[in-house]
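Asks: query.pdb is reproduced in full below (PDB, C-alpha atoms (C1' of nucleotides)).
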```pdb
ATOM      1  CA  MET R 467      -4.273 -19.177   4.733  1.00  0.00           C
ATOM      2  CA  ILE R 468      -5.095 -20.479   8.173  1.00  0.00           C
ATOM      3  CA  PRO R 469      -2.394 -22.659   9.767  1.00  0.00           C
ATOM      4  CA  ASP R 470      -3.264 -26.079  11.190  1.00  0.00           C
ATOM      5  CA  TRP R 471      -2.666 -24.964  14.764  1.00  0.00           C
ATOM      6  CA  PHE R 472      -5.340 -22.240  14.514  1.00  0.00           C
ATOM      7  CA  ASN R 473      -8.303 -24.459  15.375  1.00  0.00           C
ATOM      8  CA  ARG R 474     -10.816 -24.770  18.207  1.00  0.00           C
ATOM      9  CA  ASP R 475      -9.173 -27.838  19.715  1.00  0.00           C
ATOM     10  CA  THR R 476      -5.819 -26.135  20.213  1.00  0.00           C
ATOM     11  CA  PRO R 477      -5.368 -25.340  23.923  1.00  0.00           C
ATOM     12  CA  THR R 478      -5.362 -21.596  24.642  1.00  0.00           C
ATOM     13  CA  THR R 479      -1.839 -21.813  26.078  1.00  0.00           C
ATOM     14  CA  GLU R 480      -0.612 -23.376  22.852  1.00  0.00           C
ATOM     15  CA  LEU R 481      -2.455 -20.805  20.731  1.00  0.00           C
ATOM     16  CA  ALA R 482      -0.865 -17.995  22.755  1.00  0.00           C
ATOM     17  CA  GLN R 483       2.591 -19.404  22.005  1.00  0.00           C
ATOM     18  CA  ASN R 484       1.845 -19.960  18.330  1.00  0.00           C
ATOM     19  CA  LEU R 485       0.630 -16.368  17.900  1.00  0.00           C
ATOM     20  CA  ILE R 486       4.101 -15.128  18.850  1.00  0.00           C
ATOM     21  CA  GLY R 487       5.790 -14.070  15.625  1.00  0.00           C
ATOM     22  CA  CYS R 488       2.545 -13.645  13.657  1.00  0.00           C
ATOM     23  CA  LEU R 489       1.675 -10.296  12.072  1.00  0.00           C
ATOM     24  CA  LEU R 490      -1.193  -8.111  13.323  1.00  0.00           C
ATOM     25  CA  VAL R 491      -2.395  -5.798  10.550  1.00  0.00           C
ATOM     26  CA  HIS R 492      -4.763  -2.824  10.453  1.00  0.00           C
ATOM     27  CA  GLU R 493      -5.920  -1.336   7.160  1.00  0.00           C
ATOM     28  CA  SER R 494      -7.478   2.106   7.500  1.00  0.00           C
ATOM     29  CA  ASP R 495      -7.989   5.171   5.353  1.00  0.00           C
ATOM     30  CA  GLU R 496      -4.808   6.545   6.874  1.00  0.00           C
ATOM     31  CA  GLY R 497      -2.861   3.589   5.534  1.00  0.00           C
ATOM     32  CA  ARG R 498      -1.686   0.127   6.479  1.00  0.00           C
ATOM     33  CA  CYS R 499       0.015  -0.484   9.794  1.00  0.00           C
ATOM     34  CA  SER R 500       1.294  -3.795  11.060  1.00  0.00           C
ATOM     35  CA  GLY R 501       3.477  -5.278  13.739  1.00  0.00           C
ATOM     36  CA  TRP R 502       4.961  -8.618  14.771  1.00  0.00           C
ATOM     37  CA  ILE R 503       3.386 -10.095  17.893  1.00  0.00           C
ATOM     38  CA  VAL R 504       6.172 -10.470  20.449  1.00  0.00           C
ATOM     39  CA  GLU R 505       4.218 -10.950  23.695  1.00  0.00           C
ATOM     40  CA  THR R 506       0.908 -12.644  24.581  1.00  0.00           C
ATOM     41  CA  GLU R 507      -1.035 -13.850  27.610  1.00  0.00           C
ATOM     42  CA  ALA R 508      -3.457 -16.780  27.869  1.00  0.00           C
ATOM     43  CA  TYR R 509      -6.757 -16.404  29.771  1.00  0.00           C
ATOM     44  CA  LEU R 510      -8.244 -19.768  30.550  1.00  0.00           C
ATOM     45  CA  GLY R 511     -11.939 -19.184  31.219  1.00  0.00           C
ATOM     46  CA  PHE R 512     -14.257 -20.331  34.015  1.00  0.00           C
ATOM     47  CA  GLU R 513     -11.512 -21.529  36.364  1.00  0.00           C
ATOM     48  CA  ASP R 514      -9.166 -18.610  35.781  1.00  0.00           C
ATOM     49  CA  GLN R 515      -9.629 -15.925  38.430  1.00  0.00           C
ATOM     50  CA  ALA R 516      -8.001 -13.329  36.166  1.00  0.00           C
ATOM     51  CA  SER R 517     -10.258 -14.103  33.210  1.00  0.00           C
ATOM     52  CA  HIS R 518     -13.274 -11.938  32.485  1.00  0.00           C
ATOM     53  CA  SER R 519     -15.210 -15.188  32.052  1.00  0.00           C
ATOM     54  CA  TYR R 520     -14.295 -16.397  35.540  1.00  0.00           C
ATOM     55  CA  GLN R 521     -17.154 -18.417  37.061  1.00  0.00           C
ATOM     56  CA  ARG R 522     -19.037 -18.238  33.782  1.00  0.00           C
ATOM     57  CA  LYS R 523     -19.699 -14.547  34.168  1.00  0.00           C
ATOM     58  CA  GLN R 524     -21.879 -13.250  31.333  1.00  0.00           C
ATOM     59  CA  THR R 525     -22.586  -9.605  30.541  1.00  0.00           C
ATOM     60  CA  PRO R 526     -23.256  -7.808  27.273  1.00  0.00           C
ATOM     61  CA  ARG R 527     -19.702  -6.523  27.262  1.00  0.00           C
ATOM     62  CA  LEU R 528     -18.305 -10.070  27.327  1.00  0.00           C
ATOM     63  CA  SER R 529     -20.354 -11.510  24.475  1.00  0.00           C
ATOM     64  CA  ALA R 530     -17.480 -11.712  22.002  1.00  0.00           C
ATOM     65  CA  LEU R 531     -15.359 -13.670  24.471  1.00  0.00           C
ATOM     66  CA  TYR R 532     -17.928 -16.480  24.204  1.00  0.00           C
ATOM     67  CA  GLN R 533     -18.082 -16.593  20.409  1.00  0.00           C
ATOM     68  CA  GLY R 534     -15.323 -19.160  20.024  1.00  0.00           C
ATOM     69  CA  LEU R 535     -12.102 -19.229  18.036  1.00  0.00           C
ATOM     70  CA  GLY R 536     -11.332 -16.607  15.478  1.00  0.00           C
ATOM     71  CA  VAL R 537     -12.847 -13.308  16.576  1.00  0.00           C
ATOM     72  CA  PHE R 538     -11.451 -10.283  18.378  1.00  0.00           C
ATOM     73  CA  TYR R 539     -12.563  -9.569  21.937  1.00  0.00           C
ATOM     74  CA  LEU R 540     -11.841  -5.884  22.538  1.00  0.00           C
ATOM     75  CA  TYR R 541     -11.902  -4.518  26.044  1.00  0.00           C
ATOM     76  CA  GLN R 542     -11.859  -0.868  27.101  1.00  0.00           C
ATOM     77  CA  MET R 543     -10.085   0.136  30.252  1.00  0.00           C
ATOM     78  CA  ARG R 544      -9.649   3.721  31.421  1.00  0.00           C
ATOM     79  CA  GLY R 545     -10.102   4.944  27.888  1.00  0.00           C
ATOM     80  CA  HIS R 546      -7.636   2.417  26.460  1.00  0.00           C
ATOM     81  CA  ILE R 547      -8.422  -0.510  24.163  1.00  0.00           C
ATOM     82  CA  LEU R 548      -6.958  -3.974  24.768  1.00  0.00           C
ATOM     83  CA  ILE R 549      -6.938  -6.632  22.034  1.00  0.00           C
ATOM     84  CA  ASN R 550      -7.669 -10.323  22.531  1.00  0.00           C
ATOM     85  CA  VAL R 551      -8.018 -13.239  20.128  1.00  0.00           C
ATOM     86  CA  VAL R 552     -10.797 -15.602  21.225  1.00  0.00           C
ATOM     87  CA  SER R 553      -9.875 -19.291  21.374  1.00  0.00           C
ATOM     88  CA  GLY R 554     -11.666 -22.627  21.728  1.00  0.00           C
ATOM     89  CA  TYR R 555     -15.341 -23.455  21.227  1.00  0.00           C
ATOM     90  CA  PRO R 556     -18.312 -21.083  21.494  1.00  0.00           C
ATOM     91  CA  GLY R 557     -19.310 -20.704  25.141  1.00  0.00           C
ATOM     92  CA  GLN R 558     -15.845 -21.562  26.404  1.00  0.00           C
ATOM     93  CA  GLY R 559     -14.775 -18.000  27.285  1.00  0.00           C
ATOM     94  CA  THR R 560     -11.057 -18.357  26.635  1.00  0.00           C
ATOM     95  CA  GLY R 561      -8.693 -16.079  24.759  1.00  0.00           C
ATOM     96  CA  VAL R 562      -5.261 -14.634  24.155  1.00  0.00           C
ATOM     97  CA  MET R 563      -4.351 -11.048  24.930  1.00  0.00           C
ATOM     98  CA  ILE R 564      -1.841  -9.360  22.633  1.00  0.00           C
ATOM     99  CA  ARG R 565       0.522  -7.376  24.842  1.00  0.00           C
ATOM    100  CA  ALA R 566       3.284  -6.080  22.571  1.00  0.00           C
ATOM    101  CA  LEU R 567       4.250  -5.642  18.926  1.00  0.00           C
ATOM    102  CA  GLU R 568       7.381  -4.862  16.974  1.00  0.00           C
ATOM    103  CA  PRO R 569       6.285  -2.294  14.365  1.00  0.00           C
ATOM    104  CA  TYR R 570       6.682  -3.495  10.780  1.00  0.00           C
ATOM    105  CA  GLN R 571       4.674  -1.582   8.172  1.00  0.00           C
ATOM    106  CA  GLY R 572       3.566   2.034   8.708  1.00  0.00           C
ATOM    107  CA  ARG R 573       6.027   2.839  11.479  1.00  0.00           C
ATOM    108  CA  ASP R 574       5.787   6.582  10.875  1.00  0.00           C
ATOM    109  CA  LEU R 575       2.009   6.605  11.132  1.00  0.00           C
ATOM    110  CA  MET R 576       2.182   4.522  14.295  1.00  0.00           C
ATOM    111  CA  ALA R 577       4.686   6.897  15.860  1.00  0.00           C
ATOM    112  CA  GLN R 578       2.508   9.837  14.876  1.00  0.00           C
ATOM    113  CA  ARG R 579      -0.613   8.316  16.449  1.00  0.00           C
ATOM    114  CA  ARG R 580       1.300   7.615  19.631  1.00  0.00           C
ATOM    115  CA  GLY R 581       3.192  10.870  19.828  1.00  0.00           C
ATOM    116  CA  LYS R 582       6.191   8.747  20.752  1.00  0.00           C
ATOM    117  CA  SER R 583       9.057   6.982  19.041  1.00  0.00           C
ATOM    118  CA  GLY R 584      11.079   3.821  19.485  1.00  0.00           C
ATOM    119  CA  ILE R 585       9.851   1.107  21.799  1.00  0.00           C
ATOM    120  CA  LEU R 586       7.234   3.434  23.312  1.00  0.00           C
ATOM    121  CA  ILE R 587       5.217   3.022  20.115  1.00  0.00           C
ATOM    122  CA  SER R 588       3.975  -0.455  20.951  1.00  0.00           C
ATOM    123  CA  ASN R 589       5.518  -1.986  24.095  1.00  0.00           C
ATOM    124  CA  GLY R 590       2.165  -2.385  25.855  1.00  0.00           C
ATOM    125  CA  PRO R 591      -1.356  -3.669  25.110  1.00  0.00           C
ATOM    126  CA  ALA R 592      -3.051  -0.265  24.963  1.00  0.00           C
ATOM    127  CA  LYS R 593      -0.091   1.377  23.273  1.00  0.00           C
ATOM    128  CA  LEU R 594      -0.199  -1.028  20.350  1.00  0.00           C
ATOM    129  CA  SER R 595      -3.951  -0.474  19.942  1.00  0.00           C
ATOM    130  CA  GLN R 596      -3.413   3.263  19.760  1.00  0.00           C
ATOM    131  CA  ALA R 597      -0.484   2.842  17.365  1.00  0.00           C
ATOM    132  CA  LEU R 598      -2.535   0.687  14.997  1.00  0.00           C
ATOM    133  CA  GLY R 599      -5.486   3.073  15.216  1.00  0.00           C
ATOM    134  CA  ILE R 600      -7.877   0.426  16.539  1.00  0.00           C
ATOM    135  CA  ASN R 601     -11.409   1.333  17.607  1.00  0.00           C
ATOM    136  CA  MET R 602     -14.277  -0.708  19.035  1.00  0.00           C
ATOM    137  CA  SER R 603     -15.812  -1.300  15.594  1.00  0.00           C
ATOM    138  CA  TYR R 604     -13.784  -4.527  15.424  1.00  0.00           C
ATOM    139  CA  TYR R 605     -15.456  -5.954  18.511  1.00  0.00           C
ATOM    140  CA  GLY R 606     -16.481  -9.551  17.764  1.00  0.00           C
ATOM    141  CA  GLN R 607     -15.183  -9.360  14.180  1.00  0.00           C
ATOM    142  CA  SER R 608     -13.194 -12.141  12.501  1.00  0.00           C
ATOM    143  CA  VAL R 609      -9.385 -12.159  12.703  1.00  0.00           C
ATOM    144  CA  GLN R 610      -9.480 -12.680   8.929  1.00  0.00           C
ATOM    145  CA  GLY R 611     -11.546  -9.542   8.402  1.00  0.00           C
ATOM    146  CA  PRO R 612     -10.694  -6.794   5.925  1.00  0.00           C
ATOM    147  CA  GLY R 613      -9.826  -4.131   8.505  1.00  0.00           C
ATOM    148  CA  LEU R 614      -8.061  -5.551  11.531  1.00  0.00           C
ATOM    149  CA  ARG R 615      -6.596  -8.989  10.853  1.00  0.00           C
ATOM    150  CA  ILE R 616      -3.896 -11.494  11.634  1.00  0.00           C
ATOM    151  CA  ASP R 617      -1.631 -12.306   8.703  1.00  0.00           C
ATOM    152  CA  PHE R 618      -0.472 -15.892   9.061  1.00  0.00           C
ATOM    153  CA  SER R 619       1.421 -15.951   5.763  1.00  0.00           C
ATOM    154  CA  GLN R 620       4.648 -14.506   7.126  1.00  0.00           C
ATOM    155  CA  ARG R 621       6.350 -14.993  10.431  1.00  0.00           C
ATOM    156  CA  LEU R 622       9.037 -13.367  12.532  1.00  0.00           C
ATOM    157  CA  SER R 623      11.673 -15.928  13.454  1.00  0.00           C
ATOM    158  CA  TYR R 624      13.184 -15.848  16.915  1.00  0.00           C
ATOM    159  CA  ALA R 625      15.653 -17.803  19.025  1.00  0.00           C
ATOM    160  CA  LYS R 626      13.924 -18.435  22.336  1.00  0.00           C
ATOM    161  CA  LEU R 627      10.427 -18.267  23.798  1.00  0.00           C
ATOM    162  CA  GLY R 628      10.174 -16.876  27.326  1.00  0.00           C
ATOM    163  CA  VAL R 629       7.440 -17.778  29.828  1.00  0.00           C
ATOM    164  CA  GLY R 630       6.368 -15.983  33.000  1.00  0.00           C
ATOM    165  CA  PRO R 631       3.440 -14.785  35.142  1.00  0.00           C
ATOM    166  CA  ARG R 632       0.845 -12.441  33.660  1.00  0.00           C
ATOM    167  CA  ILE R 633       1.049  -8.709  34.277  1.00  0.00           C
ATOM    168  CA  GLY R 634      -1.347  -6.461  36.175  1.00  0.00           C
ATOM    169  CA  ILE R 635      -3.429  -9.053  38.009  1.00  0.00           C
ATOM    170  CA  PRO R 636      -2.646  -8.960  41.758  1.00  0.00           C
ATOM    171  CA  ASN R 637      -4.604 -10.804  44.458  1.00  0.00           C
ATOM    172  CA  LYS R 638      -5.816 -13.633  42.228  1.00  0.00           C
ATOM    173  CA  GLY R 639      -4.270 -16.447  44.223  1.00  0.00           C
ATOM    174  CA  GLU R 640      -2.402 -19.046  42.223  1.00  0.00           C
ATOM    175  CA  TRP R 641      -3.676 -17.445  39.022  1.00  0.00           C
ATOM    176  CA  THR R 642      -1.556 -14.384  39.716  1.00  0.00           C
ATOM    177  CA  HIS R 643       1.574 -16.501  39.464  1.00  0.00           C
ATOM    178  CA  LYS R 644       0.779 -19.121  36.846  1.00  0.00           C
ATOM    179  CA  PRO R 645       3.165 -18.955  33.857  1.00  0.00           C
ATOM    180  CA  LEU R 646       0.640 -17.858  31.203  1.00  0.00           C
ATOM    181  CA  ARG R 647       2.573 -15.016  29.621  1.00  0.00           C
ATOM    182  CA  TYR R 648       4.702 -15.767  26.579  1.00  0.00           C
ATOM    183  CA  TYR R 649       7.282 -13.601  24.871  1.00  0.00           C
ATOM    184  CA  ILE R 650      10.328 -13.533  22.659  1.00  0.00           C
ATOM    185  CA  GLU R 651      13.236 -13.720  25.074  1.00  0.00           C
ATOM    186  CA  GLY R 652      15.162 -10.451  25.205  1.00  0.00           C
ATOM    187  CA  HIS R 653      13.013  -8.648  22.628  1.00  0.00           C
ATOM    188  CA  PRO R 654      13.212  -4.840  22.970  1.00  0.00           C
ATOM    189  CA  TYR R 655       9.470  -4.229  22.511  1.00  0.00           C
ATOM    190  CA  LEU R 656       8.263  -6.272  25.511  1.00  0.00           C
ATOM    191  CA  SER R 657       5.808  -4.521  27.860  1.00  0.00           C
ATOM    192  CA  LYS R 658       6.302  -3.375  31.427  1.00  0.00           C
TER     193      LYS R 658
ATOM    194  C1'  DA G 639     -28.756   7.232  40.599  1.00  0.00           C
ATOM    195  C1'  DC G 640     -24.536   6.246  42.749  1.00  0.00           C
ATOM    196  C1'  DC G 641     -20.271   4.153  43.403  1.00  0.00           C
ATOM    197  C1'  DA G 642     -16.431   0.986  43.262  1.00  0.00           C
ATOM    198  C1'  DG G 643     -13.184  -1.284  40.440  1.00  0.00           C
ATOM    199  C1'  DG G 644     -10.101  -2.402  36.898  1.00  0.00           C
ATOM    200  C1'  DA G 645      -5.967  -7.586  31.661  1.00  0.00           C
ATOM    201  C1'  DT G 646      -3.182   0.698  31.633  1.00  0.00           C
ATOM    202  C1'  DT G 647      -0.351   4.671  30.884  1.00  0.00           C
ATOM    203  C1'  DC G 648       2.058   8.688  32.019  1.00  0.00           C
ATOM    204  C1'  DC G 649       4.552  11.738  34.786  1.00  0.00           C
ATOM    205  C1'  DC G 650       6.680  12.875  38.949  1.00  0.00           C
ATOM    206  C1'  DT G 651       9.937  12.290  42.892  1.00  0.00           C
TER     207       DT G 651
ATOM    208  C1'  DG Z 700       8.564   3.035  42.570  1.00  0.00           C
ATOM    209  C1'  DG Z 701       4.333   5.412  43.395  1.00  0.00           C
ATOM    210  C1'  DG Z 702       0.165   7.918  42.426  1.00  0.00           C
ATOM    211  C1'  DA Z 703      -3.120  10.406  39.473  1.00  0.00           C
ATOM    212  C1'  DA Z 704      -5.718  10.452  35.225  1.00  0.00           C
ATOM    213  C1'  DT Z 705      -9.868   8.885  33.304  1.00  0.00           C
ATOM    214  C1'  DC Z 706     -13.973   6.330  31.767  1.00  0.00           C
ATOM    215  C1'  DC Z 707     -16.912   2.633  31.040  1.00  0.00           C
ATOM    216  C1'  DT Z 708     -19.233  -1.448  33.008  1.00  0.00           C
ATOM    217  C1'  DG Z 709     -21.838  -3.722  36.236  1.00  0.00           C
ATOM    218  C1'  DG Z 710     -23.676  -4.331  40.869  1.00  0.00           C
ATOM    219  C1'  DT Z 711     -26.436  -2.336  44.460  1.00  0.00           C
ATOM    220  C1'  DG Z 712     -29.925   0.669  46.739  1.00  0.00           C
TER     221       DG Z 712
END
```
Show this structure as structure tokens.

Replies:
Amino acid sequence: MIPDWFNRDTPTTELAQNLIGCLLVHESDEGRCSGWIVETEAYLGFEDQASHSYQRKQTPRLSALYQGLGVFYLYQMRGHILINVVSGYPGQGTGVMIRALEPYQGRDLMAQRRGKSGILISNGPAKLSQALGINMSYYGQSVQGPGLRIDFSQRLSYAKLGVGPRIGIPNKGEWTHKPLRYYIEGHPYLSK
DNA sequence: ACCAGGATTCCCT
DNA sequence: GGGAATCCTGGTG
């Protein structure tokens, strides 16, 4: 089931907050892995200097970011994969980056893929991709797809939502400091 | 064809 | 806290 708040009119900032506590699931031939989303960042499109769609930039690599709400925009950086959920209307270029997970199902497999244990399994955007076993085949695919998907039917409850500046984007003027990062206050699996 | 530049991670001091 | 690893994309000549 898709919750009411998961629609194209929901502001990206609001979507980023609502995704906290949802479950990200990957079904593969190795088994099912999943984790609770505990940290996200909003990227606001044309005006946002840190967004890949800043100033309406369009390249083949960005196509999924312009597809509108409900698909994954995967981005490769230095051999790592970063996961985003596209928001808004087609052509808008906005999305939410998933920065950290608390492992839920398939913890052993996730630890094995990472070669690490504890918080090092998924306390970072590329770490969680590796832990889940994500590859670029999910680029532009629906978040309700059979492989990689968001499960809205269960939710991690938490006491307090934290807000702060996004990570890893220096020299972007006011956009470096805007409070567009959301997280579960005090959660052990937060990135950085 | 070449080169600079990352929405990162890891390891070292 | 700092720097190297590493690799793909896109802009430029």

Asks: As a PDB file with C-alpha atoms (C1' of nucleotides), in the frame of the given file, could you give me every residue of chain G near chain R (at most 9 Å apart, counting all atoms listed in the file)?

Replies:
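Just written: iface39.pdb:
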```pdb
ATOM      1  C1'  DG G 644     -10.101  -2.402  36.898  1.00  0.00           C
ATOM      2  C1'  DA G 645      -5.967  -7.586  31.661  1.00  0.00           C
ATOM      3  C1'  DT G 646      -3.182   0.698  31.633  1.00  0.00           C
ATOM      4  C1'  DT G 647      -0.351   4.671  30.884  1.00  0.00           C
TER       5       DT G 647
END
```

Asks: The PyMOL selection byres ((chain Z) within 8 of (chain R)) - which residues does that actually catch in the file I just gave you? List them as number ranges by chain.

Replies: Z: 705-708

Asks: Once you have the residues from the selection above, write them out as a short mmCIF file (atom, residue, chain, number, x, y, z; two decimals), keeping the file's coordinate frame, restricted to C-alpha atoms (C1' of nucleotides).

Replies:
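So the final result, stored in selection_14.cif, reads:
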```
data_model
loop_
_atom_site.label_atom_id
_atom_site.label_comp_id
_atom_site.auth_asym_id
_atom_site.auth_seq_id
_atom_site.Cartn_x
_atom_site.Cartn_y
_atom_site.Cartn_z
"C1'" DT Z 705 -9.87 8.88 33.30
"C1'" DC Z 706 -13.97 6.33 31.77
"C1'" DC Z 707 -16.91 2.63 31.04
"C1'" DT Z 708 -19.23 -1.45 33.01
#
```

Asks: Please, what distance in Å, to one decimal, runs between atom CA of Thr560 of chain R and atom CA of Leu627 of chain R?

Replies: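 Taking atom CA of Thr560 of chain R as the start and atom CA of Leu627 of chain R as the end point, the length is 21.7 Å.
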
Asks: Taking the file as I've supplied it (selection: the PyMOL selection byres ((chain G and resi 642) around 12)), which residues are included? Please answer as a list in words.

Replies: DC640, DC641, DG643 and DG644 of chain G; DT708, DG709, DG710 and DT711 of chain Z

Asks: Step by step, work through what the PyMOL selection byres ((chain R and resi 618) around 8) selects in the shown file, and finish by giving those residues as a list of chain:residue names.

Replies: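 Applied to this file, the PyMOL selection byres ((chain R and resi 618) around 8) returns R:Met467, R:Ile468, R:Pro469, R:Cys488, R:Leu489, R:Ile616, R:Asp617, R:Ser619, R:Gln620, R:Arg621.
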
Asks: Skipping near chain neighbours, those fewer than 4 positions away, what residues fall within 7 Å of segment 640-648 of chain R using all atoms listed in the file, listed as a PyMOL selection string?

Replies: chain R and resi 479+483+505-508+514-516+627-632+635-636
